[in-house]
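Trainee: First the structure, which I've put down as structure tokens, then a few questions once you've had a look.
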Amino acid sequence: MPQHIEAQYQEILNEYVKKQTEQNLYVGQNFSRQLILENISPEEVISMHKAAIRELYSDLPDVVWHSFDFLIEMMINYGLALQERQSLLKRQEELKVEMDLAANVQETLLKTKLPSLDGLDIGLLSIPAKKMNGDYIYFVSDYDGYAGVAVADVIGKGLPAALCMSMIKFGMDSLNSSHAMPKDVLSVINRIVEKSVDDSMFVSMFYANYDASAAKLTYGSAGHEPAILYRANTGGFDELEAKGLLLGVSPAAVYEEHSVTLGKGDMVIMMTDGVTEGRTEEGFIERDVIYELIEQKKDEPAQAIVQHVYDELERMQNAELQDDFTLVIYKKV
Amino acid sequence: MPQHIEAQYQEILNEYVKKQTEQNLYVGQNFSRQLILENISPEEVISMHKAAIRELYSDLPDVVWHSFDFLIEMMINYGLALQERQSLLKRQEELKVEMDLAANVQETLLKTKLPSLDGLDIGLLSIPAKKMNGDYIYFVSDYDGYAGVAVADVIGKGLPAALCMSMIKFGMDSLNSSHAMPKDVLSVINRIVEKSVDDSMFVSMFYANYDASAAKLTYGSAGHEPAILYRANTGGFDELEAKGLLLGVSPAAVYEEHSVTLGKGDMVIMMTDGVTEGRTEEGFIERDVIYELIEQKKDEPAQAIVQHVYDELERMQNAELQDDFTLVIYKKV
Amino acid sequence: MSDQSSVEILTEWDIVAARQLGRNVAKELGFGTVDQARITTAISELARNIYLYAGQGRIEIQQLTENGMKGILIIAADSGPGIPDVRKVMEDGFTTSGGLGAGLPGVKRLMDDFKIETIQGEGTDIRATKWLR
Amino acid sequence: MSDQSSVEILTEWDIVAARQLGRNVAKELGFGTVDQARITTAISELARNIYLYAGQGRIEIQQLTENGMKGILIIAADSGPGIPDVRKVMEDGFTTSGGLGAGLPGVKRLMDDFKIETIQGEGTDIRATKWLR
Ligand SMILES: [Mn+2]
Ligand SMILES: [Mn+2]
Ligand SMILES: [Mn+2]
Ligand SMILES: [Mn+2]
């Protein structure tokens, strides 16, 4: 124990014992912070305390000194627990570096390119709740007037999810066509997931394909959150549902496919359950809340709308995302 | 603070203050362990200590009580640091579960099928040093008389390495041909790694393609450990070297390609540096040691040979693998 | 029902005043020595954050009575720059390892209930409650 | 140069005897109260491990003099089953979270130097040293 620390402790303690002001305690607590930073353990604090009192009040009865000795002994295990914290913090730091690197690799590995199609305005936002994003969006487009999009949520987070996503990406790549129909896309990816991954890994996925020449959106779902259809002429909202098992449950799963034709200003809002299952202190966020948020910005570009919905929902949840948050808007302009 | 704890503390303390035996301290320290387990913070211990002393020796001067109050204040930050330890321990536990699951997914995701070719006996062993394997083997074969094999070592471990491997796998899949030539395979994968992954990620890879009809093995290397050629007629060993940069260093890297024709009983032994750079207490393991181990079992099936080499090297290293260990043998029979 | 009083935070001395106010209220409500110290530490941290990062602000202490329970509410409000990444400052080890003390995760641990609202460029409002048991 | 003495560990009482021996030697060598308590805790953990997992064994305490430095060496030896996975028992949180106390990582932290040799089916030999500063 450095001597200047002991001297300072004695001085602060002496002030307090004499005057007992809040100021003394404030100084003492600031000092305790410094002690922790210098890895001074609680048993050393007690020992320093005993020495300081002994110097100031040497005539106290023996019971006082014995009682401090006992406290020192009691604090040894506390001191060890604190040292453990130090090494845990260090390990967490290392893991963080690894995670950052992995998130980086994942990002470049899984990156997707927004389709650029006349008459279609696309907005996209995907915010992970933790380091790694368990939601996945992948666009398929080859400048032939089609824009496919897969919105997937891997059940399970972190690493296993990330590995699973790279599988989905390469699966989609292997289809290699932007006019592949939703039910076929879902069947193919279902077989890949079912075959390659262990039994506890499931994926929900919404696949939609937009044909610009017909302004027609065809969609299917594998156990995924329904999309929202906004009609500009009526101002009404509808859910786009399609039946289908989660990917990876059964190799024989079949998927429905439905179509809607979009008018000017109409929007299809696709999302993961992180958007709808956000929780505030008052309970789950109702779909109506989301409708209202979209309505507020309905005349703005798709990207502004997704950003607005996110900002507001984040605020309502006290900035604590429970789940990855992903929102894609296809807006006919 | 539960009352029975306070009572017990007072009793143990009282015993110690009266007798000061080692037995008392032993009991006290065991008790302190229990306190930590019940998340009782150090400031609570001091407070309990003060109360116990007060009950036993109420006539001590005020300075004693003030001194305890000061200690309580000093311990608050220590208590917080301890609580942090708890949550760090919990998080570490969660991460461990995630890592296990990821290793599982990685295994199924990256699994490869041993080619089955007349006249070729293949042995394979890949043992990770930690949870996740940073070595990667992938076979390419489509029953047309060719058997390609990639032996790769990702520089870097854990997560980023795992993600990188799935990239290699799908890259190989996209080539989709078992007669692709080594220099082309290495160029393609080099561009994928270079393009998709951050600058600190490199991969060494050996690619070999065996044409059963001509008994000809063509190989190339991207900064990888040379393979070993064993000639049955002479009993001699040779190194199969080929120049080439590590994958991911430069998009313009070009790779050499060489061929050897195998006679009956000849073997090509491919490996990662975990095999050659194993360390015993006497220093690195010499190549001669590996030649000797292969020689000892040269007439046995390829799988028995790789197992023997591993068993012996593991024994020499005191069962402590420093690096992932991967060994592949192509044996002409 | 609530009873309130507050301290403007401008200098380091005001941190001590806020601590004193909080400790008095906590004592009056019947909190024990350890809880008094915890509540005071939480106030100290919040006041110090204002002093260091917002420059000025206010600590308000309210006595609460709800469903027959008594409690103390600390409000720390400032019009400073706001916290750019709340999730990050709520992370363990983020503040402590930087030597900034208990930090916001510490305040959360010291109290029973913790809420934070922050808007960039507008300021931060933190509310922390502790109930008497 | 070293001076030695030892305690056979068979019952829980022997743990206390080993602690006492260690504390006496530590005190005699001139270690302060905190270091005495740490050395004693390390002995306690090691003796307890023997008592719980090996059934019986021995704690030996040696006084060391090396290059003018004085120190204390604790040897804990048993012919028990050995430790199947040393890496695991040396991991943080492995033993503590199970409520087994400081565990071997704790002993390592309490002392300056720590060596373990264990052979399955033959036993374990642990040596921990602390130098007087
Ligand atoms: Mn998810
Ligand atoms: Mn989700
Ligand atoms: Mn490696
Ligand atoms: Mn290696």
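Chain labels A, B, ... are given in the sequence in which chains occur in the structure tokens; within each chain residues are numbered consecutively from 1, and ligands are likewise numbered from 1 in the order shown.
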Can you build me a table of chain B residues sitting at most 10 Å from ligand 3, with the closest atom pair per residue and its distance in Å to one decimal, using only C-alpha atoms and all ligand atoms, sorted by chain and residue number, as JSON lines?
Mentor:
{"residue": "B:Pro128", "atom": "CA", "partner": "ligand 3", "partner_atom_place_in_ligand_line": "1 (Mn)", "distance": 9.2}
{"residue": "B:Ala129", "atom": "CA", "partner": "ligand 3", "partner_atom_place_in_ligand_line": "1 (Mn)", "distance": 9.3}
{"residue": "B:Asn133", "atom": "CA", "partner": "ligand 3", "partner_atom_place_in_ligand_line": "1 (Mn)", "distance": 7.8}
{"residue": "B:Gly134", "atom": "CA", "partner": "ligand 3", "partner_atom_place_in_ligand_line": "1 (Mn)", "distance": 4.6}
{"residue": "B:Asp135", "atom": "CA", "partner": "ligand 3", "partner_atom_place_in_ligand_line": "1 (Mn)", "distance": 5.6}
{"residue": "B:Tyr136", "atom": "CA", "partner": "ligand 3", "partner_atom_place_in_ligand_line": "1 (Mn)", "distance": 9.0}
{"residue": "B:Ala152", "atom": "CA", "partner": "ligand 3", "partner_atom_place_in_ligand_line": "1 (Mn)", "distance": 8.4}
{"residue": "B:Asp153", "atom": "CA", "partner": "ligand 3", "partner_atom_place_in_ligand_line": "1 (Mn)", "distance": 4.7}
{"residue": "B:Val154", "atom": "CA", "partner": "ligand 3", "partner_atom_place_in_ligand_line": "1 (Mn)", "distance": 4.8}
{"residue": "B:Ile155", "atom": "CA", "partner": "ligand 3", "partner_atom_place_in_ligand_line": "1 (Mn)", "distance": 4.9}
{"residue": "B:Gly156", "atom": "CA", "partner": "ligand 3", "partner_atom_place_in_ligand_line": "1 (Mn)", "distance": 5.9}
{"residue": "B:Lys157", "atom": "CA", "partner": "ligand 3", "partner_atom_place_in_ligand_line": "1 (Mn)", "distance": 6.2}
{"residue": "B:Gly158", "atom": "CA", "partner": "ligand 3", "partner_atom_place_in_ligand_line": "1 (Mn)", "distance": 9.4}
{"residue": "B:Ala161", "atom": "CA", "partner": "ligand 3", "partner_atom_place_in_ligand_line": "1 (Mn)", "distance": 8.2}
{"residue": "B:Phe202", "atom": "CA", "partner": "ligand 3", "partner_atom_place_in_ligand_line": "1 (Mn)", "distance": 9.7}
{"residue": "B:Val203", "atom": "CA", "partner": "ligand 3", "partner_atom_place_in_ligand_line": "1 (Mn)", "distance": 8.4}
{"residue": "B:Ser204", "atom": "CA", "partner": "ligand 3", "partner_atom_place_in_ligand_line": "1 (Mn)", "distance": 8.8}
{"residue": "B:Thr272", "atom": "CA", "partner": "ligand 3", "partner_atom_place_in_ligand_line": "1 (Mn)", "distance": 8.1}
{"residue": "B:Asp273", "atom": "CA", "partner": "ligand 3", "partner_atom_place_in_ligand_line": "1 (Mn)", "distance": 8.1}
{"residue": "B:Gly274", "atom": "CA", "partner": "ligand 3", "partner_atom_place_in_ligand_line": "1 (Mn)", "distance": 7.7}
{"residue": "B:Asp323", "atom": "CA", "partner": "ligand 3", "partner_atom_place_in_ligand_line": "1 (Mn)", "distance": 6.6}
{"residue": "B:Asp324", "atom": "CA", "partner": "ligand 3", "partner_atom_place_in_ligand_line": "1 (Mn)", "distance": 6.2}
{"residue": "B:Phe325", "atom": "CA", "partner": "ligand 3", "partner_atom_place_in_ligand_line": "1 (Mn)", "distance": 8.9}
Trainee: Show which residues sit within 10 Å of range 64-78 of chain D, as a count of residues only. Count only C-alpha atoms, and ignore same-chain residues fewer than 5 positions away.
Mentor: 49
Trainee: List every residue of chain C that has an atom at most 7 Å from any atom of chain B, giving for each one its closest atom pair and the distance in Å to one decimal, counting only C-alpha atoms, sorted by chain and then by ascending residue number, as JSON lines.
Mentor:
{"residue": "C:Val34", "atom": "CA", "partner": "B:Glu44", "partner_atom": "CA", "distance": 6.6}
{"residue": "C:Ala37", "atom": "CA", "partner": "B:Glu73", "partner_atom": "CA", "distance": 6.0}
{"residue": "C:Arg38", "atom": "CA", "partner": "B:Ile76", "partner_atom": "CA", "distance": 6.7}
{"residue": "C:Asp92", "atom": "CA", "partner": "B:Glu84", "partner_atom": "CA", "distance": 6.6}
{"residue": "C:Ala102", "atom": "CA", "partner": "B:Asn77", "partner_atom": "CA", "distance": 6.6}
{"residue": "C:Gly106", "atom": "CA", "partner": "B:Leu80", "partner_atom": "CA", "distance": 6.2}
Trainee: What residues in range 41-201 of chain A get the DSSP label strand (DSSP E)? Please answer as a list of chain:residue names.
Mentor: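 Here is the list: A:Leu120, A:Asp121, A:Ile122, A:Gly123, A:Leu124, A:Leu125, A:Ser126, A:Ile127, A:Asp135, A:Tyr136, A:Ile137, A:Tyr138, A:Phe139, A:Val140, A:Tyr146, A:Ala147, A:Gly148, A:Val149, A:Ala150, A:Val151, A:Ala152, A:Asp153, A:Val154, A:Ile155.
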Trainee: Neighbouring residues of Asn24 in chain C were defined as those with any atom within 12 Å, considering only C-alpha atoms; residues of the same chain fewer than 4 positions away were excluded. Please report them as a PyMOL selection string.
Mentor: (chain A and resi 22) or (chain C and resi 5+17-20+28-33+36-37+39-40+61-63+72)
Trainee: Taking 3 positions as the minimum chain separation for residues in the same chain, which residues sit within 8 Å of Val268 in chain A when counting only C-alpha atoms? Answer as a VMD selection string.
Mentor: chain A and resid 227 to 230 329 to 331
Trainee: Produce a file of the selected residues containing C-alpha atoms, as an mmCIF file, in the first residue's frame.
Mentor:
data_model
loop_
_atom_site.group_PDB
_atom_site.id
_atom_site.type_symbol
_atom_site.label_atom_id
_atom_site.label_comp_id
_atom_site.auth_asym_id
_atom_site.auth_seq_id
_atom_site.Cartn_x
_atom_site.Cartn_y
_atom_site.Cartn_z
ATOM 1 C CA ALA A 227 -46.476 -7.227 -44.085
ATOM 2 C CA ILE A 228 -48.621 -4.086 -44.127
ATOM 3 C CA LEU A 229 -50.305 -2.727 -47.230
ATOM 4 C CA TYR A 230 -51.098 0.972 -47.273
ATOM 5 C CA ILE A 329 -40.801 -0.153 -47.439
ATOM 6 C CA TYR A 330 -41.619 -0.562 -51.099
ATOM 7 C CA LYS A 331 -43.450 2.584 -52.140
#
Trainee: Quote the spacing between CA of Val275 in chain B and CA of Gln317 in chain B in Å to one decimal place.
Mentor: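 CA of Gln317 in chain B lies 11.1 Å from CA of Val275 in chain B.
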